[in-house]
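Visitor: Okay, handing you the structure first.
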There are 2 protein chains.
Amino acid sequence: MGLNPLGMQTLQKATNRETRRINQRLVMGTIYDEGPISRAHVARVTGLTRTTVSDVVDGLLTDGLAEEIGFGQSTGGKAPILLRVPDDARQLIGIEVGDVHLSGAIVNLRGEIRHAVELPLDARDGERALSQLDLLVDRLMAGPHRPLLGIGLGTPGLIDTSTGTVQWAVNFDWRDLPLGQHIAERWKLRTYVVNDSQAAALAEHTFGGHARRPNMVVVKVGRGIGAGFVLDGRLYQGDGFGAGEIGHTAVADGNRPCHCGSFGCLETIASTRAVVEHARELAPRFAGSGEIDLDTLVEAFQSGDALANEVVVDAAEHLGRAIGALIGVLNVEHIVLVGEMTRFGEPWLSAVRREARRSALALLADRAQIEIGRLSPNLVVLGSAALLMTRELGLTFSR
Amino acid sequence: MGLNPLGMQTLQKATNRETRRINQRLVMGTIYDEGPISRAHVARVTGLTRTTVSDVVDGLLTDGLAEEIGFGQSTGGKAPILLRVPDDARQLIGIEVGDVHLSGAIVNLRGEIRHAVELPLDARDGERALSQLDLLVDRLMAGPHRPLLGIGLGTPGLIDTSTGTVQWAVNFDWRDLPLGQHIAERWKLRTYVVNDSQAAALAEHTFGGHARRPNMVVVKVGRGIGAGFVLDGRLYQGDGFGAGEIGHTAVADGNRPCHCGSFGCLETIASTRAVVEHARELAPRFAGSGEIDLDTLVEAFQSGDALANEVVVDAAEHLGRAIGALIGVLNVEHIVLVGEMTRFGEPWLSAVRREARRSALALLADRAQIEIGRLSPNLVVLGSAALLMTRELGLTFSR
């Protein structure tokens with residue numbers, strides 16, 4: 001069908017300076033994806049002239065963003081010099097703001113974690129979280145690292161990625177917190193802030209070995225519930241960066257009050273907090289154990305406790321219906337579940353799948369694969385790094 | 001933020017031949033969008049060299065895809081020649097397969113309808129529909145027209161746009177009908193088949209005067225219910241071209257059997273067929289009129305009949321909740337309602353809006369605008385033509 005319309009739009013906006021930038025990204029992206037690769041081969045793949053490719057490669061070699069690694073097979077004449085992007089040509093800081101901890105890591109251009117730091121997140125108010133965050137970045141910067149491309153942060157809530165502001169994090173009571181600006185000013189590094197579920201989707205797509213699937217949905221089910229979408233190969237964020245906020249859509253028979261101010265949200269039934277609260281209401285403590293928490297509930301569920309089963313299966317079914325609706329809306333065939341609720345394992349997953357199939361058009365539902373993710377627990381850390389890498393260098397995939 | 005990742009991907013796949021094709025589309029798209037415009041200005045906007053632009057323009061002039069229309073203002077030297085794309089440089093056939101009629105039109109590159117034909121669609125089986133379709137195209141081809149770019153068809157159901165096959169049209173009982181192949185072989189023209197709601201979305205986005213909004217959702221509510229999405233500037237179709245099949249997601253308290261084989265689908269409550277059936281069950285005939293049909297129900301609703309109000313408001317509320325879920329999922333701020341149900345007008349729209357707002361996260365819902373479309377009744381005809389135009393010429397927007 002030829003070039004897609006957005007390629008057109010993007011190009012239409014290109015000025016001469018942007019053309020150079022486009023060529024640079026194009027050449028580097030090709031070397032990153034296809035390397036080891038010769039200049040001539042890069043020219044063939046990109047459609048650029050050999051002269052343009054050589055000029056761009058000279059710049060990349062100077063900046064350390066590419067390296068020559070020996071000779072390839074001759075096809076008649078002189079053997080060509082092969083190029084590649086060194087895995088650690090640049091490193092990135094990826095950070096997850098979790099429910100009870102801050103996790104950070106130095107990550108390379110292939111999504112390999114070189115050095116990780118974790119701190120408790122003991123304060124829910126914005127100011128104290130910021131100072132913990134400063135401490136985390138200080139520790140990461142103090143460790144060994146190569147030249148840094150910047151900092152990526154994944155955090156729950158409605159995030160304006162263009163300004164780095166947390167507009168509203170329902171479970172943290174954060175409103176209009178200028179997270180990105182704070183980090184960028186303190187360390188003078190490019191900083192991107194993204195919703196944690198959106199980061200998770202980008203991580204699965206970029207580093208999850210999903211062989212360049214165009215579309216992928218990641219649903220993060222923990223204390224909160226949110227989805228992230230990669231559509232037609234790109235992170236889709238919506239008009240206000242809030243795409244995937246499924247945790248606050250009303251569910252069938254729900255009427256419990258939600259922290260967002262509404263009633264009957266999916267989070268009030270299918271989140272970790274909801275199942276624990278629900279179990280506590282039904283039976284304040286399981287036989288032989290103390291007060292119910294997520295650990296005891298997982299244990300009870302796995303040992304076949306009827307009450308735990310009722311609560312968790314109910315949660316799974318509501319989640320399944322929400323996912324069935326997603327399948328109907330987006331017709332995405334690869335759905336990955338991540339987050340603390342996946343600890344309930346196979347029986348929980350089965351109930352999610354069953355209800356998802358029941359509530360989507362059969363022809364669409366049959367093709368949908370719903371799986372538990374493989375990259376956790378570093379998904380958000382990797383995803384925020386992936387966003388940074390994509391936006392700054394135009395690198396989108398690893399092999 | 002520079003180039004988006006998909007631009008990269010697209011470019012990475014470009015070969016030299018594709019580069020020429022990209023340049024051609026880029027230049028033509030710029031003249032189409034910005035014309036009257038000089039060659040020098042095209043070069044500035046596109047970042048291409050003047051030589052490349054002149055070469056491409058020569059080809060476009062030869063093909064009649066651009067024309068010179070006089071001189072612009074001199075900025076010192078010789079006054080520049082201005083170019084534009086003639087509105088009727090190519091014409092397109094757009095066709096809608098509706099519930100009870102086939103509509104077709106000769107459309108120009110600005111979405112202006114030059115000649116229209118309508119035929120009754122008296123047969124629901126695929127073979128007879130095909131022969132009616134042949135008749136329609138024959139009539140359109142027999143009328144006056146300029147060189148034709150091809151044929152675009154919008155039809156309900158799950159359509160594989162890559163092959164032009166109707167995989168399943170629930171309300172028509174069509175399965176695996178090779179609609180596109182039939183048309184393409186008979187008239188030897190490029191043919192695109194697309195789901196009618198997806199076509200409607202593309203039409204609103206391309207010709208609806210929405211000033212290049214990146215995201216738009218069109219919900220078509222008639223005998224069936226489906227949505228079409230333009231996301232980040234492009235028609236989003238999903239893995240199996242089924243994006244937007246919201247008519248068959250299960251709704252809250254629904255348990256009526258649906259033609260799709262499932263129960264409680266949105267279509268069983270919120271479609272024109274559903275409200276008519278529902279009203280008939282409650283009262284087989286309104287006082288003074290014959291058996292209830294859509295016309296009598298609209299009339300009764302508008303004159304304040306309590307029963308009609310109950311049925312229609314219930315339908316609107318269920319639709320509103322589905323739209324609220326869409327807002328939560330996609331964070332799209334512009335939602336356009338089209339189709340026969342819009343005949344119920346303002347009170348119906350108010351109920352849809354109220355429930356949509358109630359069931360989406362407040363911060364997202366507040367920004368969402370839900371309107372009744374302005375382009376009907378030619379929306380699907382124009383949208384299938386827009387798809388053809390986009391895919392064949394790379395033209396995406398009009399001013």
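Ordering of the structure tokens sets the chain letters (A, B, ...), residue numbers begin anew at 1 in every chain, and ligands are numbered from 1 in the order given.
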Name the residues in contact with Ile225 (chain B) at a cut-off of 7 Å, using only C-alpha atoms, excluding same-chain residues fewer than 4 positions from it; report them as a list in words.

Guide: Lys220, Val221, Ile246, Gly247, Glu267 and Ser271 of chain B

Visitor: Using all heavy atoms, can you write the selected residues to a file as an mmCIF file, in the first residue's frame?

Guide:
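Result file selection-v4.cif:
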```cif
data_model
loop_
_atom_site.group_PDB
_atom_site.id
_atom_site.type_symbol
_atom_site.label_atom_id
_atom_site.label_comp_id
_atom_site.auth_asym_id
_atom_site.auth_seq_id
_atom_site.Cartn_x
_atom_site.Cartn_y
_atom_site.Cartn_z
ATOM 1 N N LYS B 220 -20.929 5.125 14.813
ATOM 2 C CA LYS B 220 -22.041 5.027 13.887
ATOM 3 C C LYS B 220 -23.115 4.157 14.537
ATOM 4 O O LYS B 220 -22.877 2.994 14.857
ATOM 5 C CB LYS B 220 -21.552 4.392 12.578
ATOM 6 C CG LYS B 220 -22.511 4.513 11.413
ATOM 7 C CD LYS B 220 -21.773 4.239 10.095
ATOM 8 C CE LYS B 220 -22.706 4.392 8.906
ATOM 9 N NZ LYS B 220 -23.711 3.319 8.819
ATOM 10 N N VAL B 221 -24.265 4.759 14.777
ATOM 11 C CA VAL B 221 -25.324 4.074 15.513
ATOM 12 C C VAL B 221 -26.552 3.990 14.621
ATOM 13 O O VAL B 221 -27.305 4.950 14.479
ATOM 14 C CB VAL B 221 -25.686 4.831 16.816
ATOM 15 C CG1 VAL B 221 -26.411 3.898 17.777
ATOM 16 C CG2 VAL B 221 -24.456 5.436 17.474
ATOM 17 N N ILE B 246 -17.477 -2.064 18.692
ATOM 18 C CA ILE B 246 -18.031 -1.918 20.036
ATOM 19 C C ILE B 246 -19.467 -2.422 20.137
ATOM 20 O O ILE B 246 -19.980 -2.619 21.224
ATOM 21 C CB ILE B 246 -17.979 -0.455 20.538
ATOM 22 C CG1 ILE B 246 -18.820 0.452 19.631
ATOM 23 C CG2 ILE B 246 -16.551 0.052 20.607
ATOM 24 C CD1 ILE B 246 -19.037 1.840 20.224
ATOM 25 N N GLY B 247 -20.129 -2.632 19.007
ATOM 26 C CA GLY B 247 -21.519 -3.090 19.021
ATOM 27 C C GLY B 247 -21.693 -4.452 19.674
ATOM 28 O O GLY B 247 -22.786 -4.794 20.122
ATOM 29 N N GLU B 267 -25.507 -3.598 20.783
ATOM 30 C CA GLU B 267 -26.466 -3.499 19.673
ATOM 31 C C GLU B 267 -27.872 -3.961 20.053
ATOM 32 O O GLU B 267 -28.845 -3.525 19.442
ATOM 33 C CB GLU B 267 -26.001 -4.350 18.476
ATOM 34 C CG GLU B 267 -25.024 -3.627 17.596
ATOM 35 C CD GLU B 267 -24.725 -4.343 16.284
ATOM 36 O OE1 GLU B 267 -25.457 -5.283 15.905
ATOM 37 O OE2 GLU B 267 -23.747 -3.949 15.639
ATOM 38 N N SER B 271 -29.234 0.141 19.387
ATOM 39 C CA SER B 271 -29.356 0.323 17.934
ATOM 40 C C SER B 271 -30.786 0.706 17.552
ATOM 41 O O SER B 271 -31.705 0.617 18.367
ATOM 42 C CB SER B 271 -28.981 -0.976 17.221
ATOM 43 O OG SER B 271 -29.902 -1.994 17.559
#
```

Visitor: Using only C-alpha atoms, which protein or nucleic acid residues come within 12 Å of Leu361 (chain A)? Drop anything in the same chain fewer than 4 positions from it, and give the result as a ChimeraX atom specification.

Guide: /A:321,324-331,355-357,365-368 /B:157-158,168-170,242-250,258-267

Visitor: Under the rule that only C-alpha atoms are counted, which of B:Phe207, B:Phe241, B:Phe344, B:Tyr192 is the nearest residue to Ile151 (chain B)?

Guide: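 For Ile151 (chain B), the nearest of the given residues is B:Tyr192.
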
Visitor: Could you jot down the CA of Tyr32 (chain A) to CA of Leu382 (chain A) separation for me, Å, one decimal place?

Guide: 17.7 Å

Visitor: Could you pull out the residues in region 170-396 of chain A that DSSP calls helix (DSSP H, G or I) from the backbone, as a PyMOL selection string?

Guide: chain A and resi 179-187+196-207+246-248+267-270+272-282+294-302+306-330+340-358+362-365+379-393

Visitor: Neighbouring residues of Gln237 (chain A) were defined as those with any atom within 12 Å, considering only C-alpha atoms; residues of the same chain fewer than 3 positions away were excluded. Please report them as a PyMOL selection string.

Guide: (chain A and resi 158-162+194-199+201-202+227-231+234+240-245) or (chain B and resi 214-215+231-232+328-332)

Visitor: Which residues come within 12 Å of Asp58 (chain A), counting only C-alpha atoms, excluding same-chain residues fewer than 4 positions away, as a compact mmCIF listing (two decimals) with all heavy atoms, in the first residue's frame?

Guide:
```
# COMPACT_ATOMS: atom_id res chain seq x y z
N GLN A 24 20.42 11.14 9.99
CA GLN A 24 21.24 10.65 11.07
C GLN A 24 20.53 9.51 11.83
O GLN A 24 21.10 8.46 12.08
CB GLN A 24 21.49 11.81 12.03
CG GLN A 24 22.79 11.75 12.76
CD GLN A 24 23.06 13.09 13.42
OE1 GLN A 24 22.15 13.73 13.97
NE2 GLN A 24 24.30 13.54 13.38
N VAL A 27 20.24 6.36 9.58
CA VAL A 27 21.49 5.60 9.48
C VAL A 27 21.78 4.90 10.80
O VAL A 27 22.05 3.70 10.84
CB VAL A 27 22.66 6.52 9.07
CG1 VAL A 27 23.99 5.81 9.21
CG2 VAL A 27 22.45 7.02 7.64
N MET A 28 21.66 5.63 11.90
CA MET A 28 21.95 5.02 13.20
C MET A 28 20.97 3.90 13.51
O MET A 28 21.35 2.83 13.99
CB MET A 28 21.93 6.06 14.32
CG MET A 28 22.33 5.44 15.65
SD MET A 28 22.54 6.62 16.98
CE MET A 28 22.71 5.43 18.36
N ARG A 39 28.69 0.24 5.12
CA ARG A 39 28.12 1.50 4.66
C ARG A 39 27.28 1.29 3.41
O ARG A 39 26.19 1.87 3.26
CB ARG A 39 29.24 2.51 4.36
CG ARG A 39 29.93 3.06 5.61
CD ARG A 39 31.16 3.87 5.21
NE ARG A 39 31.84 4.53 6.34
CZ ARG A 39 32.65 3.90 7.20
NH1 ARG A 39 32.86 2.58 7.09
NH2 ARG A 39 33.23 4.57 8.18
N THR A 51 27.42 8.79 -0.35
CA THR A 51 28.08 9.98 0.21
C THR A 51 27.39 10.43 1.50
O THR A 51 28.05 10.66 2.52
CB THR A 51 28.03 11.15 -0.81
OG1 THR A 51 28.36 10.63 -2.09
CG2 THR A 51 28.98 12.25 -0.42
N THR A 52 26.06 10.52 1.44
CA THR A 52 25.31 10.93 2.64
C THR A 52 25.56 9.95 3.78
O THR A 52 25.84 10.36 4.92
CB THR A 52 23.79 10.98 2.33
OG1 THR A 52 23.59 11.85 1.22
CG2 THR A 52 23.01 11.48 3.51
N VAL A 53 25.51 8.65 3.47
CA VAL A 53 25.72 7.64 4.52
C VAL A 53 27.12 7.80 5.12
O VAL A 53 27.27 7.80 6.35
CB VAL A 53 25.53 6.21 3.96
CG1 VAL A 53 25.98 5.17 4.97
CG2 VAL A 53 24.06 5.98 3.58
N SER A 54 28.14 7.98 4.28
CA SER A 54 29.51 8.12 4.79
C SER A 54 29.65 9.34 5.68
O SER A 54 30.27 9.28 6.74
CB SER A 54 30.50 8.21 3.63
OG SER A 54 30.62 6.95 3.04
N THR A 62 32.65 9.71 15.40
CA THR A 62 33.21 10.76 16.26
C THR A 62 32.50 10.81 17.61
O THR A 62 33.13 10.94 18.66
CB THR A 62 33.07 12.15 15.58
OG1 THR A 62 33.67 12.07 14.29
CG2 THR A 62 33.73 13.24 16.40
N ASP A 63 31.16 10.69 17.57
CA ASP A 63 30.38 10.75 18.81
C ASP A 63 30.37 9.44 19.58
O ASP A 63 29.74 9.35 20.63
CB ASP A 63 28.92 11.13 18.49
CG ASP A 63 28.79 12.54 17.94
OD1 ASP A 63 29.75 13.33 18.10
OD2 ASP A 63 27.75 12.86 17.34
N GLY A 64 31.02 8.41 19.03
CA GLY A 64 31.02 7.11 19.70
C GLY A 64 29.69 6.39 19.59
O GLY A 64 29.44 5.41 20.29
N LEU A 65 28.80 6.85 18.71
CA LEU A 65 27.49 6.20 18.56
C LEU A 65 27.54 5.05 17.56
O LEU A 65 26.58 4.31 17.39
CB LEU A 65 26.43 7.23 18.13
CG LEU A 65 26.03 8.21 19.23
CD1 LEU A 65 25.19 9.36 18.68
CD2 LEU A 65 25.26 7.48 20.34
N ALA A 66 28.67 4.90 16.87
CA ALA A 66 28.90 3.72 16.03
C ALA A 66 30.37 3.37 16.14
O ALA A 66 31.19 4.21 16.55
CB ALA A 66 28.52 4.01 14.58
N GLU A 67 30.70 2.12 15.81
CA GLU A 67 32.11 1.73 15.80
C GLU A 67 32.36 0.77 14.64
O GLU A 67 31.44 0.08 14.18
CB GLU A 67 32.52 1.08 17.13
CG GLU A 67 31.77 -0.21 17.44
CD GLU A 67 32.18 -0.82 18.79
OE1 GLU A 67 33.11 -0.33 19.42
OE2 GLU A 67 31.53 -1.82 19.18
N GLU A 68 33.61 0.76 14.16
CA GLU A 68 33.99 -0.18 13.10
C GLU A 68 34.52 -1.44 13.77
O GLU A 68 35.34 -1.36 14.70
CB GLU A 68 35.06 0.45 12.21
CG GLU A 68 34.54 1.70 11.49
CD GLU A 68 35.54 2.33 10.53
OE1 GLU A 68 36.77 2.11 10.74
OE2 GLU A 68 35.11 3.02 9.59
N LEU A 83 30.03 -2.01 10.54
CA LEU A 83 29.71 -1.06 11.61
C LEU A 83 28.69 -1.64 12.57
O LEU A 83 27.84 -2.44 12.18
CB LEU A 83 29.08 0.20 11.00
CG LEU A 83 29.90 0.97 9.97
CD1 LEU A 83 28.99 1.84 9.11
CD2 LEU A 83 30.95 1.81 10.68
```

Visitor: Considering only C-alpha atoms, return as an mmCIF file with C-alpha atoms, in the first residue's frame whatever protein or nucleic-acid residues lie within 6 Å of Val276 (chain B), sequence-local ones (same chain, fewer than 3 positions apart) excluded.

Guide:
```cif
data_model
loop_
_atom_site.group_PDB
_atom_site.id
_atom_site.type_symbol
_atom_site.label_atom_id
_atom_site.label_comp_id
_atom_site.auth_asym_id
_atom_site.auth_seq_id
_atom_site.Cartn_x
_atom_site.Cartn_y
_atom_site.Cartn_z
ATOM 1 C CA ARG B 273 -33.511 -2.135 15.547
ATOM 2 C CA ALA B 279 -40.976 -0.269 21.946
ATOM 3 C CA ASP B 293 -41.281 1.639 13.168
#
```

Visitor: Skipping near chain neighbours, those fewer than 2 positions away, what residues fall within 8 Å of Leu179 (chain A) using only C-alpha atoms, listed as a ChimeraX atom specification?

Guide: /A:130,164-166,177,181-183,193

Visitor: What's the separation between CA of Arg114 (chain B) and CA of Ile372 (chain B), in Å to one decimal place?

Guide: 25.1 Å

Visitor: Find the distance between CA of Gly154 (chain A) and CA of Glu340 (chain A) and write it in Å to one decimal.

Guide: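 Spanning CA of Gly154 (chain A) to CA of Glu340 (chain A) is a straight-line distance of 16.4 Å.
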
Visitor: Nearest to chain A: which of B:Tyr236, B:Trp187, B:Phe301, B:Phe172 is it, counting only C-alpha atoms?

Guide: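 When distances to chain A are compared using only C-alpha atoms, the smallest one comes from B:Tyr236.
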